[in-house]
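Heads up, the thing below is written out as structure tokens.
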Amino acid sequence: MSISDIHSQTGMNTRSIGWPQVAFGVLLASLLLIPLGIDNAFVSHVFITICLFAALSTAWNIVGGFAGQLSLGHAVFYGIGGYAGVILFNLGVTPWIGMFVGAAVAAVVGMVISYPCFRLKGPFYTLASIAFLEVIRVLSLHFKDMTGGATGMMIDLRLGWTWMVFRERWPSLLIVFGMLLVTLGVAWAIRRSRLGFYLVATRERESAARAAGVRTVRVRLIAVAISSALCAMLGTFHAMYLTYIEPAAMFSLAFSIQIAMFALIGGIGTVAGPLLGAALLVPITEWARASLGASALGLHGFVYGIVLIAFVLFMPNGIMGAIRRFARSGGKAAVEPAQTETGPIVAPAHTVAAPDPDRPGIGQDILKVENLNKRFGGLHVTRDVNFTLREGEVLGLIGPNGAGKTTLFNMISGFLTPDEGKVSLRGVDGQFHQPTNPADFAALGMGRTFQIVQPFAAMTVEENIMVGAFYRHHDERDAREAARETAWRMGLGPLLNAEARGLTIGGLKRLEVARVMAMQPRVLLLDEVMAGINQTDVRRAIDLMLSIRDTGVSIIAIEHVMQAVMSLSDRVIVLASGEVIAEGRPQDVVRDPHVVEAYLGKEFAHAHA
Ligand SMILES: Nc1ncnc2c1ncn2[C@@H]1O[C@H](COP(=O)(O)OP(=O)(O)OP(=O)(O)O)[C@@H](O)[C@H]1O
């Protein structure tokens, strides 16, 4: 494994096999071989418990880690699987079928519960997940006829592979080890796939993900469905292993916290973390429980608490974070963004718009904005704004601070709904459409950047751009290829493996543009991409814009840097107090007395009249 691969928080660009993978393989194999070799009932029980918790935690991590939805109610799905398995078992249905029935029920319940909760952020989502867990536990106590109520349910005694119940431990070990492999395989495949990238992007910056065409609710619902189904299948297995279930154990908050904690300690959001967390903690607590017995009831909670505090203090990124740091310090130095952030300048700097003989001509209307009005309470932010954008045109949008420019952008990219008026975008079919949300705007070819840069901080530069590239390429390799090509074109080639959080402001601005360019937009909205960057970067950004313009993309650029407005714009619109006060060629607009007055005040305008 190369250093740059380890450098990635996501570990998605792993190509070669290095010592971390070998160590992980050895750990995985030992979970099966040690208990089979020792052949002791207690040892086998400990290893079965490790595999079970590692698999549950890996399944939890798809929602809690990849999607960043910190659920503490995942025992709901485990419990549903357990009850489905036992109820069907007692009706004569094999748990091999029961586990799929439980998985289907859990997936539906998971999506129904999560859909309204996705509106809740941070701790509120977590609290809601706990509340649902309690509701389901109380319901399972209430419906005694089906669940056995507080006394629980035993399974009828039927042994053998068909019934997943055995006298010896090794068949259960084989089954749970197989389930662990499947769960790890699913998590690994998701992490490398478009879904995985979209989940992490949504977790990192939801609005940037939406601008990249990600249907954020849908991808999180898919993650919940997969995670719930896997937990339910493991719940069925565990019910067969225990042969007895009861609501307090199956729908337990402490159990949910345990599942989440293994991932937190191992490395949340990584594929290997949950297994490492379970492999570290389960043996300690099982050993303590066995040796201290009833005299130390609840001791495992104490042990978990101590370990968790130690990790929060000394290893906040979990075991995987420490492994990454260790691997990094032992190898080549990671790319230092600040030192390498140069990149080919596409063309020499311009101060006035240069007529490019190869530039595609300006075509027909591609975007029509009609009578847009928006109010925030008593503040009328845009008033009857009308304009059009033509194919291949660069339209500069200028105006003093607070004029309503960003609000206008939000309305013409689906992030805000206008109070009145409409926005029509011409699709590739030649027809005008009126999309209403960012994903539909993106589907018609609209790409946008944000005034305050919104990088997916935990991803590398390459992975950030891949989120955009996935819009056109469903295959991971194609998206990576397209992202690399875009990165080099945008002057970010040397930084492909650098984490986005390490870039300078100029680099971040370029990264935003690269991510949106990887979507191959037909209309590009650039919100102050030159704000806060140095003179060299401004020149570089102007050249970049000119090269984008020359590919035929229509651009609307909000910009305060007049050098850029004059160099780039074919036409300029001036917004002041939410109204369009001037429109025309850049050199005419800047001389317009209304524009001078809007920017510099009446006194200045009159003094120079
Ligand atoms: N969500 C909101 N709720 C209430 N007021 C808002 C909201 N968004 C923007 N505003 C207000 O609307 C006005 C226009 O804001 P907007 O960000 O669109 O201006 P702008 O022209 O982009 O300004 P700047 O150049 O400073 O970014 C401002 O007075 C701002 O405070």
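Within each chain, counting starts at residue 1; across the structure tokens, chains are named A, B, ... in the order shown, with ligands numbered 1 upward in that order.
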
Item to complete: Any chance you could list, as a PyMOL selection string, the residues in region 109-325 of chain A that come up strand (DSSP E or B) when DSSP is run on the backbone?
Response: chain A and resi 153-154+160+165+244-245

Just N, CA and C atoms for this one: save the residues we selected as a compact mmCIF listing (two decimals), in the first residue's frame.
```
# COMPACT_ATOMS: atom_id res chain seq x y z
N MET A 153 -39.01 -15.59 24.23
CA MET A 153 -39.37 -16.78 23.43
C MET A 153 -38.21 -17.74 23.36
N MET A 154 -38.53 -19.03 23.54
CA MET A 154 -37.53 -20.08 23.31
C MET A 154 -37.76 -20.63 21.91
N GLY A 160 -29.28 -29.14 13.78
CA GLY A 160 -28.75 -29.42 12.44
C GLY A 160 -28.60 -28.16 11.61
N VAL A 165 -29.02 -24.66 14.49
CA VAL A 165 -28.82 -24.88 15.93
C VAL A 165 -27.95 -26.12 16.09
N TYR A 244 -32.78 -18.40 22.77
CA TYR A 244 -33.80 -17.71 23.57
C TYR A 244 -33.67 -16.22 23.32
N ILE A 245 -34.80 -15.54 23.15
CA ILE A 245 -34.74 -14.08 22.97
C ILE A 245 -35.79 -13.39 23.85
```

Discussion item. To check your reading of the model: which residues sit at most 12 Å from ligand 1 when counting only C-alpha atoms and all ligand atoms? Write the answer as a count of residues only.
Written reply: 50

Practice prompt. Could you check how far CA of Ser44 (chain A) sits from CA of Glu286 (chain A), in Å to one decimal?
Written response: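 CA of Glu286 (chain A) lies at a distance of 11.6 Å from CA of Ser44 (chain A).
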
Worksheet entry | Nearest residue to Gln258 (chain A) from the set A:Arg549, A:Arg191, A:His74, A:Arg591 (distances using only C-alpha atoms) | A:His74

Practice prompt. Please report, as a list in words, each residue of region 503-548 of chain A to which DSSP assigns alpha helix (DSSP H) when run on this structure's backbone.
Written response: Ile505, Gly506, Gly507, Leu508, Lys509, Arg510, Leu511, Glu512, Val513, Ala514, Arg515, Val516, Met517, Gln535, Thr536, Asp537, Val538, Arg539, Arg540, Ala541, Ile542, Asp543, Leu544, Met545, Leu546, Ser547 and Ile548 of chain A

Using the selection just defined, write its residues with N, CA and C atoms as a PDB file, in the first residue's frame.
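Contents of out32.pdb, freshly written:
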```
ATOM      1  N   ILE A 505      -6.453  28.324   0.010  1.00  0.00           N
ATOM      2  CA  ILE A 505      -7.752  28.806  -0.465  1.00  0.00           C
ATOM      3  C   ILE A 505      -7.805  28.796  -2.004  1.00  0.00           C
ATOM      4  N   GLY A 506      -6.677  29.154  -2.641  1.00  0.00           N
ATOM      5  CA  GLY A 506      -6.630  29.129  -4.106  1.00  0.00           C
ATOM      6  C   GLY A 506      -6.857  27.712  -4.629  1.00  0.00           C
ATOM      7  N   GLY A 507      -6.213  26.757  -3.979  1.00  0.00           N
ATOM      8  CA  GLY A 507      -6.360  25.349  -4.380  1.00  0.00           C
ATOM      9  C   GLY A 507      -7.789  24.866  -4.179  1.00  0.00           C
ATOM     10  N   LEU A 508      -8.393  25.290  -3.064  1.00  0.00           N
ATOM     11  CA  LEU A 508      -9.775  24.865  -2.787  1.00  0.00           C
ATOM     12  C   LEU A 508     -10.743  25.416  -3.828  1.00  0.00           C
ATOM     13  N   LYS A 509     -10.491  26.666  -4.226  1.00  0.00           N
ATOM     14  CA  LYS A 509     -11.365  27.272  -5.232  1.00  0.00           C
ATOM     15  C   LYS A 509     -11.242  26.497  -6.541  1.00  0.00           C
ATOM     16  N   ARG A 510      -9.996  26.150  -6.873  1.00  0.00           N
ATOM     17  CA  ARG A 510      -9.794  25.397  -8.119  1.00  0.00           C
ATOM     18  C   ARG A 510     -10.416  24.003  -8.021  1.00  0.00           C
ATOM     19  N   LEU A 511     -10.346  23.442  -6.818  1.00  0.00           N
ATOM     20  CA  LEU A 511     -10.936  22.115  -6.609  1.00  0.00           C
ATOM     21  C   LEU A 511     -12.450  22.155  -6.830  1.00  0.00           C
ATOM     22  N   GLU A 512     -13.075  23.241  -6.360  1.00  0.00           N
ATOM     23  CA  GLU A 512     -14.534  23.376  -6.571  1.00  0.00           C
ATOM     24  C   GLU A 512     -14.855  23.386  -8.055  1.00  0.00           C
ATOM     25  N   VAL A 513     -14.046  24.156  -8.786  1.00  0.00           N
ATOM     26  CA  VAL A 513     -14.303  24.256 -10.223  1.00  0.00           C
ATOM     27  C   VAL A 513     -14.042  22.890 -10.885  1.00  0.00           C
ATOM     28  N   ALA A 514     -12.980  22.224 -10.442  1.00  0.00           N
ATOM     29  CA  ALA A 514     -12.644  20.921 -11.044  1.00  0.00           C
ATOM     30  C   ALA A 514     -13.762  19.916 -10.790  1.00  0.00           C
ATOM     31  N   ARG A 515     -14.289  19.928  -9.575  1.00  0.00           N
ATOM     32  CA  ARG A 515     -15.344  18.960  -9.241  1.00  0.00           C
ATOM     33  C   ARG A 515     -16.572  19.175 -10.121  1.00  0.00           C
ATOM     34  N   VAL A 516     -16.899  20.438 -10.328  1.00  0.00           N
ATOM     35  CA  VAL A 516     -18.088  20.714 -11.127  1.00  0.00           C
ATOM     36  C   VAL A 516     -17.797  20.465 -12.611  1.00  0.00           C
ATOM     37  N   MET A 517     -16.556  20.734 -13.042  1.00  0.00           N
ATOM     38  CA  MET A 517     -16.212  20.484 -14.447  1.00  0.00           C
ATOM     39  C   MET A 517     -16.224  18.996 -14.774  1.00  0.00           C
ATOM     40  N   GLN A 535      -2.819  37.427  -6.326  1.00  0.00           N
ATOM     41  CA  GLN A 535      -2.800  37.924  -7.698  1.00  0.00           C
ATOM     42  C   GLN A 535      -2.412  36.827  -8.702  1.00  0.00           C
ATOM     43  N   THR A 536      -1.453  35.995  -8.299  1.00  0.00           N
ATOM     44  CA  THR A 536      -1.028  34.917  -9.205  1.00  0.00           C
ATOM     45  C   THR A 536      -2.188  33.962  -9.446  1.00  0.00           C
ATOM     46  N   ASP A 537      -2.894  33.634  -8.352  1.00  0.00           N
ATOM     47  CA  ASP A 537      -4.017  32.717  -8.490  1.00  0.00           C
ATOM     48  C   ASP A 537      -5.150  33.344  -9.293  1.00  0.00           C
ATOM     49  N   VAL A 538      -5.328  34.671  -9.158  1.00  0.00           N
ATOM     50  CA  VAL A 538      -6.376  35.337  -9.952  1.00  0.00           C
ATOM     51  C   VAL A 538      -6.062  35.170 -11.440  1.00  0.00           C
ATOM     52  N   ARG A 539      -4.788  35.408 -11.790  1.00  0.00           N
ATOM     53  CA  ARG A 539      -4.417  35.269 -13.214  1.00  0.00           C
ATOM     54  C   ARG A 539      -4.635  33.839 -13.679  1.00  0.00           C
ATOM     55  N   ARG A 540      -4.267  32.919 -12.803  1.00  0.00           N
ATOM     56  CA  ARG A 540      -4.426  31.507 -13.153  1.00  0.00           C
ATOM     57  C   ARG A 540      -5.917  31.151 -13.312  1.00  0.00           C
ATOM     58  N   ALA A 541      -6.723  31.716 -12.418  1.00  0.00           N
ATOM     59  CA  ALA A 541      -8.160  31.420 -12.461  1.00  0.00           C
ATOM     60  C   ALA A 541      -8.791  32.004 -13.725  1.00  0.00           C
ATOM     61  N   ILE A 542      -8.331  33.199 -14.121  1.00  0.00           N
ATOM     62  CA  ILE A 542      -8.877  33.807 -15.344  1.00  0.00           C
ATOM     63  C   ILE A 542      -8.569  32.914 -16.539  1.00  0.00           C
ATOM     64  N   ASP A 543      -7.351  32.435 -16.590  1.00  0.00           N
ATOM     65  CA  ASP A 543      -6.968  31.550 -17.695  1.00  0.00           C
ATOM     66  C   ASP A 543      -7.788  30.265 -17.700  1.00  0.00           C
ATOM     67  N   LEU A 544      -8.032  29.790 -16.501  1.00  0.00           N
ATOM     68  CA  LEU A 544      -8.838  28.576 -16.368  1.00  0.00           C
ATOM     69  C   LEU A 544     -10.243  28.809 -16.902  1.00  0.00           C
ATOM     70  N   MET A 545     -10.830  29.941 -16.512  1.00  0.00           N
ATOM     71  CA  MET A 545     -12.182  30.277 -16.972  1.00  0.00           C
ATOM     72  C   MET A 545     -12.229  30.405 -18.491  1.00  0.00           C
ATOM     73  N   LEU A 546     -11.179  31.043 -19.041  1.00  0.00           N
ATOM     74  CA  LEU A 546     -11.160  31.210 -20.495  1.00  0.00           C
ATOM     75  C   LEU A 546     -11.094  29.856 -21.188  1.00  0.00           C
ATOM     76  N   SER A 547     -10.305  28.948 -20.591  1.00  0.00           N
ATOM     77  CA  SER A 547     -10.199  27.615 -21.216  1.00  0.00           C
ATOM     78  C   SER A 547     -11.524  26.861 -21.104  1.00  0.00           C
ATOM     79  N   ILE A 548     -12.246  27.082 -20.011  1.00  0.00           N
ATOM     80  CA  ILE A 548     -13.565  26.429 -19.863  1.00  0.00           C
ATOM     81  C   ILE A 548     -14.533  27.044 -20.876  1.00  0.00           C
TER      82      ILE A 548
END
```

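Around Gln69 (chain A), within 10 Å and counting only C-alpha atoms, the residues found are A:Trp60, A:Asn61, A:Ile62, A:Val63, A:Gly64, A:Gly65, A:Phe66, A:Ala67, A:Ser71, A:Leu72, A:Ser114, A:Cys117, A:Phe118, A:Leu120, A:Lys121, A:Gly122, A:Pro123, A:Tyr125, A:Thr126, A:Ser129, A:Arg203, A:Arg220, A:Val224, once anything fewer than 2 positions away on its own chain is removed.
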
Item to complete: Write out as a ChimeraX atom specification which residues come within 7 Å of region 96-98 of chain A when counting only C-alpha atoms, dropping same-chain ones fewer than 6 positions away.
Response: /A:84-85,88

Item to complete: May I ask which of the residues A:Thr183, A:Leu230, A:Thr460, A:Ile136 is the closest one to Pro274 (chain A), counting only C-alpha atoms?
Response: A:Thr183

Fill in: Residues within 8 Å of Leu221 (chain A), only C-alpha atoms, excluding chain neighbours under 3 positions, as number ranges by chain
A: 111, 114-115, 217-218, 224-225

Discussion item. Please list as an MDAnalysis selection string every residue within 6 Å of Val369 (chain A), counting only C-alpha atoms and excluding residues in the same chain fewer than 5 positions away.
Written reply: chainID A and resid 386:388 423

Item to complete: Name the residues in contact with Leu157 (chain A) at a cut-off of 10 Å, using only C-alpha atoms, excluding same-chain residues fewer than 4 positions from it; report them as a ChimeraX atom specification.
Response: /A:89-90,163,165,243

Fill in: Closest of A:Ser228, A:Thr236, A:Ser172, A:Asn317 to Pro95 (chain A) - atom-to-atom distances counting only C-alpha atoms
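Among A:Ser228, A:Thr236, A:Ser172, A:Asn317, it is A:Thr236 that comes nearest to Pro95 (chain A).
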